[in-house]
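Source file coords.txt; content: compact mmCIF, C-alpha atoms.
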```txt
# COMPACT_ATOMS: atom_id res chain seq x y z
CA GLY Y 1 -3.83 3.32 9.95
CA PHE Y 2 -1.13 1.38 11.73
CA TYR Y 3 -3.03 -0.90 14.08
CA GLU Y 4 -2.68 -4.43 15.49
CA ALA Y 5 -2.68 -6.27 12.15
CA GLN Y 6 -0.20 -3.84 10.60
CA MET Y 7 2.06 -3.95 13.67
CA ARG Y 8 2.14 -7.74 13.69
CA GLY Y 9 2.80 -7.91 9.97
CA PHE Y 10 5.64 -5.38 10.13
CA PHE Y 11 7.47 -6.60 13.24
CA SER Y 12 7.13 -10.28 12.37
CA GLN Y 13 10.05 -9.83 9.98
CA PHE Y 14 12.36 -9.60 13.02
CA GLY Y 15 11.10 -12.77 14.72
CA ASP Y 16 8.10 -14.64 16.08
CA VAL Y 17 5.63 -12.33 17.83
CA GLU Y 18 4.09 -13.99 20.88
CA ARG Y 19 1.78 -11.23 22.07
CA LEU Y 20 0.86 -7.75 20.88
CA ARG Y 21 -1.21 -5.02 22.49
CA LEU Y 22 -2.00 -1.58 21.12
CA SER Y 23 -3.31 0.95 23.64
CA ARG Y 24 -6.60 2.44 22.48
CA SER Y 25 -9.03 5.03 23.77
CA LYS Y 26 -12.02 3.39 25.42
CA LYS Y 27 -14.23 6.24 24.29
CA THR Y 28 -13.29 6.61 20.62
CA GLY Y 29 -11.39 3.40 19.90
CA GLY Y 30 -8.52 5.38 18.36
CA SER Y 31 -4.89 4.54 19.03
CA LYS Y 32 -3.18 6.33 21.92
CA GLY Y 33 0.11 6.21 20.03
CA TYR Y 34 1.94 3.45 21.89
CA GLY Y 35 1.84 -0.30 22.14
CA PHE Y 36 3.65 -3.40 23.40
CA ILE Y 37 5.12 -6.38 21.55
CA GLU Y 38 6.46 -9.57 23.05
CA PHE Y 39 8.86 -11.68 20.99
CA ARG Y 40 9.54 -15.36 21.53
CA ASP Y 41 13.29 -14.78 21.49
CA VAL Y 42 14.75 -12.02 23.67
CA ASP Y 43 17.51 -11.43 21.09
CA ASP Y 44 14.87 -10.49 18.51
CA ALA Y 45 13.48 -7.88 20.90
CA GLN Y 46 16.94 -6.39 21.33
CA ILE Y 47 17.44 -6.23 17.56
CA VAL Y 48 14.11 -4.40 17.17
CA ALA Y 49 15.03 -1.92 19.90
CA ASP Y 50 18.40 -1.18 18.25
CA ALA Y 51 17.20 -1.07 14.65
CA MET Y 52 13.78 0.64 14.95
CA ASP Y 53 14.43 3.31 17.58
CA THR Y 54 14.01 6.79 15.97
CA TYR Y 55 12.85 5.05 12.77
CA LEU Y 56 10.32 7.03 10.70
CA LEU Y 57 7.23 4.92 10.06
CA ALA Y 58 3.83 6.01 8.72
CA GLY Y 59 4.79 9.66 9.13
CA LYS Y 60 5.82 9.29 12.79
CA GLN Y 61 9.11 8.70 14.54
CA LEU Y 62 9.23 5.56 16.64
CA VAL Y 63 10.61 5.35 20.15
CA VAL Y 64 11.44 1.71 20.82
CA LYS Y 65 12.75 0.41 24.15
CA GLN Y 66 13.31 -3.08 25.47
CA LEU Y 67 11.90 -3.93 28.87
CA PRO Y 68 12.60 -6.95 31.06
CA ASN Y 69 9.63 -8.96 32.26
CA SER Y 70 10.32 -7.84 35.83
CA LYS Y 71 9.29 -4.26 34.91
CA LEU Y 72 6.03 -5.17 33.21
CA HIS Y 73 2.71 -4.58 34.93
CA GLU Y 74 0.82 -7.72 35.89
CA HIS Y 75 -2.15 -6.67 33.75
CA MET Y 76 -0.03 -5.57 30.81
CA TRP Y 77 -1.28 -8.21 28.39
CA GLU Y 78 -4.97 -8.14 29.25
CA GLY Y 79 -6.91 -8.02 26.00
CA ALA Y 80 -3.85 -8.85 23.90
CA GLY Y 81 -4.69 -10.83 20.79
CA GLU Y 82 -8.39 -9.95 20.99
CA LYS Y 83 -10.17 -7.87 18.40
CA PHE Y 84 -10.92 -4.43 19.78
CA ARG Y 85 -14.61 -3.60 20.02
CA PRO Y 86 -15.34 0.04 20.93
CA PHE Y 87 -18.01 0.65 23.51
CA PRO Y 88 -21.31 1.76 21.89
CA TRP Y 89 -21.51 5.14 23.65
CA ARG Y 90 -24.23 6.51 21.36
CA GLU Y 91 -26.61 3.62 22.02
CA HIS Y 92 -25.79 3.73 25.73
CA GLU Y 93 -26.55 7.45 26.04
CA ARG Y 94 -29.69 7.11 23.93
CA GLU Y 95 -31.04 4.38 26.19
CA ARG Y 96 -30.11 6.35 29.30
CA HIS Y 97 -31.82 9.48 28.00
CA ASN Y 98 -34.98 7.71 26.84
CA LYS Y 99 -35.51 5.40 29.77
CA PRO Y 100 -38.59 6.17 31.92
CA LYS Y 101 -37.92 8.68 34.69
CA ASP Y 102 -39.21 8.41 38.22
CA ALA Y 103 -41.47 11.07 39.75
CA ALA Y 104 -38.63 12.98 41.48
CA THR Y 105 -36.47 13.11 38.35
CA GLN Y 106 -39.37 14.16 36.14
CA LYS Y 107 -40.31 16.91 38.60
CA LYS Y 108 -36.75 18.22 38.51
CA VAL Y 109 -36.71 18.21 34.70
CA ASN Y 110 -40.03 20.04 34.54
CA ALA Y 111 -38.82 22.68 36.98
CA GLN Y 112 -35.72 23.30 34.86
CA LEU Y 113 -37.82 23.69 31.71
CA LEU Y 114 -40.15 26.14 33.43
CA ARG Y 115 -37.26 28.23 34.79
CA GLY Y 116 -35.69 28.44 31.35
CA GLU Y 117 -38.97 29.47 29.78
CA SER Y 118 -39.57 32.12 32.46
CA LYS Y 119 -36.14 33.66 31.80
CA LYS Y 120 -36.89 33.72 28.08
CA ARG Y 121 -40.16 35.56 28.65
CA GLN Y 122 -38.43 38.11 30.89
CA ARG Y 123 -35.72 38.76 28.30
CA LEU Y 124 -38.35 39.37 25.63
CA LYS Y 125 -40.19 41.72 27.97
CA ALA Y 126 -36.97 43.63 28.77
CA LEU Y 127 -36.37 44.11 25.03
CA GLY Y 128 -39.83 45.59 24.62
CA ILE Y 129 -41.11 42.67 22.57
CA ASP Y 130 -44.76 41.90 23.17
CA TYR Y 131 -44.89 38.25 22.23
CA SER Y 132 -46.94 35.54 23.88
CA PHE Y 133 -46.50 31.81 23.31
CA PRO Y 134 -48.04 28.83 25.10
CA GLY Y 135 -44.84 27.16 26.28
CA TYR Y 136 -44.43 24.63 29.07
CA SER Y 137 -46.34 26.66 31.66
CA SER Y 138 -49.60 26.40 29.70
CA SER Y 139 -49.15 22.67 29.18
CA ARG Y 140 -48.75 22.30 32.94
CA GLY Y 141 -52.02 24.12 33.45
CA GLY Y 142 -50.56 26.95 35.50
CA SER Y 143 -49.60 24.60 38.31
CA ALA Y 144 -47.89 25.62 41.52
CA GLU Y 145 -44.74 24.05 40.18
CA ALA Y 146 -44.69 26.50 37.28
CA ASP Y 147 -45.22 29.42 39.63
CA ALA Y 148 -42.39 28.23 41.85
CA GLY Y 149 -40.10 27.95 38.86
CA GLU Y 150 -40.96 31.45 37.67
CA GLN Y 151 -40.52 32.93 41.14
CA LYS Y 152 -37.10 31.30 41.52
CA SER Y 153 -36.07 32.58 38.11
CA GLN Y 154 -37.18 36.11 39.01
CA LYS Y 155 -35.17 36.01 42.25
CA GLU Y 156 -32.09 34.85 40.38
CA ASP Y 157 -32.46 37.63 37.80
CA GLU Y 158 -32.98 40.21 40.54
CA GLY Y 159 -29.83 39.00 42.28
CA ILE Y 160 -27.82 39.27 39.06
CA GLY Y 161 -29.16 42.78 38.44
CA HIS Y 162 -28.28 43.82 41.97
CA GLU Y 163 -24.71 42.57 41.56
CA LYS Y 164 -24.35 44.46 38.27
CA ARG Y 165 -25.56 47.68 39.89
CA GLU Y 166 -23.00 47.27 42.69
CA GLU Y 167 -20.22 46.72 40.13
CA LYS Y 168 -21.23 49.89 38.27
CA GLN Y 169 -21.22 51.92 41.51
CA GLU Y 170 -17.78 50.61 42.43
CA ALA Y 171 -16.48 51.48 38.98
CA LYS Y 172 -17.79 55.06 39.26
CA ALA Y 173 -16.28 55.70 42.73
CA PRO Y 174 -12.77 57.22 42.18
CA THR Y 175 -11.45 56.44 45.67
CA GLN Y 176 -12.41 52.79 45.76
CA THR Y 177 -10.06 50.21 44.42
CA ARG Y 178 -10.40 46.49 44.23
CA VAL Y 179 -7.41 44.19 44.42
CA ALA Y 180 -7.82 40.66 43.17
CA LYS Y 181 -5.54 38.12 44.73
CA LYS Y 182 -4.12 35.66 42.34
CA GLY Y 183 -4.77 32.13 43.45
CA SER Y 184 -1.93 29.69 43.23
CA ARG Y 185 -2.51 26.72 41.03
CA LYS Y 186 -0.47 23.59 41.30
CA ALA Y 187 0.42 22.04 38.02
CA ALA Y 188 -0.13 18.33 38.24
CA GLY Y 189 2.09 16.38 35.91
CA SER Y 190 2.56 12.73 35.29
CA VAL Y 191 5.79 11.06 34.37
CA SER Y 192 5.42 7.92 32.36
CA LYS Y 193 8.27 5.46 32.19
CA PRO Y 194 9.09 3.89 28.83
CA ARG Y 195 7.29 0.59 28.99
CA THR Y 196 7.16 -0.23 25.30
CA MET Y 197 9.03 -2.57 23.09
CA ALA Y 198 7.50 -0.94 20.04
CA THR Y 199 5.72 2.38 20.10
CA LYS Y 200 4.67 5.26 17.92
CA LYS Y 201 5.52 8.78 18.97
CA ARG Y 202 2.89 11.41 18.79
CA ARG Y 203 3.40 14.52 16.76
```
Show how you would write the structure in this file as structure tokens.
Amino acid sequence: GFYEAQMRGFFSQFGDVERLRLSRSKKTGGSKGYGFIEFRDVDDAQIVADAMDTYLLAGKQLVVKQLPNSKLHEHMWEGAGEKFRPFPWREHERERHNKPKDAATQKKVNAQLLRGESKKRQRLKALGIDYSFPGYSSSRGGSAEADAGEQKSQKEDEGIGHEKREEKQEAKAPTQTRVAKKGSRKAAGSVSKPRTMATKKRR
């Protein structure tokens, strides 16, 4: 890849590089496709902007612009010169998932497991499959919590079945028509100003 070390090595041929920062994804650590380079001499930066703009490098076309210091963000160079260390998301999520749960959280998790198991039993019964398995309800000892989960699941299934029957009746009625209004969606766009002295253009 073309990362900090490669960028510094390549652009050092034009002059002394003071600072360099490559924008990376905090989640994956991969390059976002643009970066910033500060040269000791402003003339060197102008030469790079003139010579390397639209230049094909590493299979991508560069877009290089020179920016005055007055247009740079005050936190532009935070982390510049430091080795990038991606955040250990896997270890973080593993610790979060395995940490001990309090009574309220554990009760909520148990209720979700019981509701899912109740729906599975009802689907098997609807298909005419006579199959019995212990499941979570037996491990809970037939507690009131299990019964509440099953009752809630049955109510949800009954509600879904009632809605489907209404849809079928509406479809059979020749005089009834349904008109769906299209909701307007606003397209939110962002305009980014060229803030790079050296950047790679995405494909």
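Of the residues listed (Y:His92, Y:Asp44, Y:Arg121, Y:Leu127), Y:Asp44 shows the shortest atom-to-atom separation from Gln13 of chain Y; distances use all atoms listed in the file.
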Q) At what distance in Å, to one decimal, does atom CA of Trp77 of chain Y lie from atom CA of Leu20 of chain Y? A) 7.8 Å
Q) Could you work out how far atom CA of Glu18 of chain Y lies from atom CA of Phe39 of chain Y, giving the answer in Å with one decimal? A) 5.3 Å
Q: Using all atoms listed in the file, determine which residues lie at most 9 Å from Gly1 of chain Y, disregarding the query and same-chain residues fewer than 2 positions distant; provide the list as an NGL selection string.
A: :Y and (3 or 6 or 58)
Selected residues written out with C-alpha atoms, as a CSV table (one decimal), in the frame of the given file:
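Everything below was put into part_13.csv:
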```csv
chain,number,residue,atom,x,y,z
Y,3,TYR,CA,-3.0,-0.9,14.1
Y,6,GLN,CA,-0.2,-3.8,10.6
Y,58,ALA,CA,3.8,6.0,8.7
```
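When all atoms listed in the file are used to measure the gap to Gly116 of chain Y, the shortest distance among Y:Tyr55, Y:Phe10, Y:Tyr131, Y:Tyr136 belongs to Y:Tyr136.
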Take segment 29-143 of chain Y from the preceding structure and save C-alpha atoms as a JSON list (two decimals), in the first residue's frame.
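Written out: part-v3.json:
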```
[["chain", "number", "residue", "atom", "x", "y", "z"],
["Y", 29, "GLY", "CA", -7.32, 1.40, 10.04],
["Y", 30, "GLY", "CA", -7.47, 1.57, 6.23],
["Y", 31, "SER", "CA", -6.66, 4.71, 4.30],
["Y", 32, "LYS", "CA", -9.54, 7.06, 3.46],
["Y", 33, "GLY", "CA", -7.78, 8.06, 0.25],
["Y", 34, "TYR", "CA", -6.49, 11.51, 1.17],
["Y", 35, "GLY", "CA", -3.73, 13.01, 3.25],
["Y", 36, "PHE", "CA", -1.82, 16.19, 4.07],
["Y", 37, "ILE", "CA", 1.86, 17.09, 3.66],
["Y", 38, "GLU", "CA", 3.63, 20.14, 4.97],
["Y", 39, "PHE", "CA", 6.90, 21.19, 3.34],
["Y", 40, "ARG", "CA", 9.54, 23.37, 4.94],
["Y", 41, "ASP", "CA", 9.69, 25.62, 1.89],
["Y", 42, "VAL", "CA", 6.45, 26.96, 0.42],
["Y", 43, "ASP", "CA", 8.00, 26.90, -3.07],
["Y", 44, "ASP", "CA", 8.43, 23.13, -2.80],
["Y", 45, "ALA", "CA", 4.73, 22.77, -2.01],
["Y", 46, "GLN", "CA", 3.85, 24.79, -5.10],
["Y", 47, "ILE", "CA", 6.10, 22.61, -7.26],
["Y", 48, "VAL", "CA", 4.39, 19.47, -5.93],
["Y", 49, "ALA", "CA", 0.95, 20.92, -6.61],
["Y", 50, "ASP", "CA", 1.90, 21.81, -10.21],
["Y", 51, "ALA", "CA", 3.82, 18.64, -11.02],
["Y", 52, "MET", "CA", 1.78, 15.93, -9.25],
["Y", 53, "ASP", "CA", -1.80, 17.05, -9.87],
["Y", 54, "THR", "CA", -3.58, 14.43, -12.07],
["Y", 55, "TYR", "CA", -0.46, 12.24, -11.80],
["Y", 56, "LEU", "CA", -1.13, 8.48, -11.89],
["Y", 57, "LEU", "CA", 0.41, 6.81, -8.86],
["Y", 58, "ALA", "CA", -0.15, 3.28, -7.53],
["Y", 59, "GLY", "CA", -3.08, 2.81, -9.89],
["Y", 60, "LYS", "CA", -4.87, 6.00, -8.79],
["Y", 61, "GLN", "CA", -4.96, 9.54, -10.10],
["Y", 62, "LEU", "CA", -3.79, 12.16, -7.64],
["Y", 63, "VAL", "CA", -5.54, 15.42, -6.94],
["Y", 64, "VAL", "CA", -2.99, 17.78, -5.40],
["Y", 65, "LYS", "CA", -3.81, 21.28, -4.18],
["Y", 66, "GLN", "CA", -1.81, 23.82, -2.22],
["Y", 67, "LEU", "CA", -3.45, 25.41, 0.79],
["Y", 68, "PRO", "CA", -2.33, 28.42, 2.81],
["Y", 69, "ASN", "CA", -1.96, 27.99, 6.55],
["Y", 70, "SER", "CA", -4.91, 30.33, 7.11],
["Y", 71, "LYS", "CA", -7.28, 27.71, 5.63],
["Y", 72, "LEU", "CA", -6.05, 24.79, 7.70],
["Y", 73, "HIS", "CA", -8.07, 23.48, 10.61],
["Y", 74, "GLU", "CA", -6.52, 24.02, 14.02],
["Y", 75, "HIS", "CA", -6.50, 20.27, 14.69],
["Y", 76, "MET", "CA", -5.22, 19.36, 11.24],
["Y", 77, "TRP", "CA", -1.89, 17.96, 12.38],
["Y", 78, "GLU", "CA", -3.05, 16.05, 15.44],
["Y", 79, "GLY", "CA", -1.46, 12.61, 15.32],
["Y", 80, "ALA", "CA", 0.94, 13.59, 12.54],
["Y", 81, "GLY", "CA", 4.24, 11.75, 12.73],
["Y", 82, "GLU", "CA", 2.87, 9.10, 15.09],
["Y", 83, "LYS", "CA", 2.55, 5.46, 14.16],
["Y", 84, "PHE", "CA", -1.08, 4.57, 13.60],
["Y", 85, "ARG", "CA", -2.45, 1.97, 15.99],
["Y", 86, "PRO", "CA", -5.94, 0.71, 15.10],
["Y", 87, "PHE", "CA", -8.41, 0.38, 17.92],
["Y", 88, "PRO", "CA", -8.81, -3.27, 19.04],
["Y", 89, "TRP", "CA", -12.53, -3.54, 18.28],
["Y", 90, "ARG", "CA", -12.63, -7.34, 18.52],
["Y", 91, "GLU", "CA", -11.16, -7.40, 22.03],
["Y", 92, "HIS", "CA", -13.37, -4.49, 23.07],
["Y", 93, "GLU", "CA", -16.57, -6.19, 21.89],
["Y", 94, "ARG", "CA", -15.52, -9.52, 23.39],
["Y", 95, "GLU", "CA", -14.99, -7.93, 26.80],
["Y", 96, "ARG", "CA", -18.27, -6.03, 26.54],
["Y", 97, "HIS", "CA", -20.17, -9.18, 25.61],
["Y", 98, "ASN", "CA", -18.58, -11.37, 28.29],
["Y", 99, "LYS", "CA", -18.66, -8.95, 31.19],
["Y", 100, "PRO", "CA", -21.05, -9.89, 34.03],
["Y", 101, "LYS", "CA", -24.59, -8.60, 33.54],
["Y", 102, "ASP", "CA", -26.73, -7.06, 36.23],
["Y", 103, "ALA", "CA", -30.08, -8.57, 37.23],
["Y", 104, "ALA", "CA", -32.18, -6.28, 34.99],
["Y", 105, "THR", "CA", -30.04, -6.92, 31.91],
["Y", 106, "GLN", "CA", -29.95, -10.68, 32.49],
["Y", 107, "LYS", "CA", -33.74, -10.73, 32.92],
["Y", 108, "LYS", "CA", -34.14, -8.93, 29.60],
["Y", 109, "VAL", "CA", -31.81, -11.36, 27.83],
["Y", 110, "ASN", "CA", -33.65, -14.35, 29.27],
["Y", 111, "ALA", "CA", -37.00, -12.96, 28.16],
["Y", 112, "GLN", "CA", -35.70, -12.51, 24.61],
["Y", 113, "LEU", "CA", -34.41, -16.09, 24.51],
["Y", 114, "LEU", "CA", -37.73, -17.43, 25.76],
["Y", 115, "ARG", "CA", -39.73, -15.42, 23.21],
["Y", 116, "GLY", "CA", -37.55, -16.69, 20.39],
["Y", 117, "GLU", "CA", -37.91, -20.26, 21.55],
["Y", 118, "SER", "CA", -41.69, -19.92, 21.87],
["Y", 119, "LYS", "CA", -41.95, -18.66, 18.28],
["Y", 120, "LYS", "CA", -39.85, -21.59, 17.10],
["Y", 121, "ARG", "CA", -42.14, -24.08, 18.82],
["Y", 122, "GLN", "CA", -45.21, -22.43, 17.29],
["Y", 123, "ARG", "CA", -43.71, -22.56, 13.80],
["Y", 124, "LEU", "CA", -42.97, -26.26, 14.20],
["Y", 125, "LYS", "CA", -46.51, -26.84, 15.42],
["Y", 126, "ALA", "CA", -47.98, -24.91, 12.46],
["Y", 127, "LEU", "CA", -45.98, -27.10, 10.07],
["Y", 128, "GLY", "CA", -47.42, -30.22, 11.67],
["Y", 129, "ILE", "CA", -44.10, -31.30, 13.15],
["Y", 130, "ASP", "CA", -44.44, -33.05, 16.49],
["Y", 131, "TYR", "CA", -41.05, -32.38, 18.00],
["Y", 132, "SER", "CA", -40.27, -31.65, 21.62],
["Y", 133, "PHE", "CA", -36.96, -30.33, 22.93],
["Y", 134, "PRO", "CA", -35.97, -29.07, 26.38],
["Y", 135, "GLY", "CA", -34.89, -25.56, 25.41],
["Y", 136, "TYR", "CA", -34.57, -22.54, 27.67],
["Y", 137, "SER", "CA", -38.02, -22.89, 29.22],
["Y", 138, "SER", "CA", -37.14, -26.22, 30.85],
["Y", 139, "SER", "CA", -33.85, -24.86, 32.17],
["Y", 140, "ARG", "CA", -35.79, -22.02, 33.78],
["Y", 141, "GLY", "CA", -38.03, -24.54, 35.48],
["Y", 142, "GLY", "CA", -41.25, -23.30, 33.92],
["Y", 143, "SER", "CA", -40.99, -19.97, 35.69]]
```
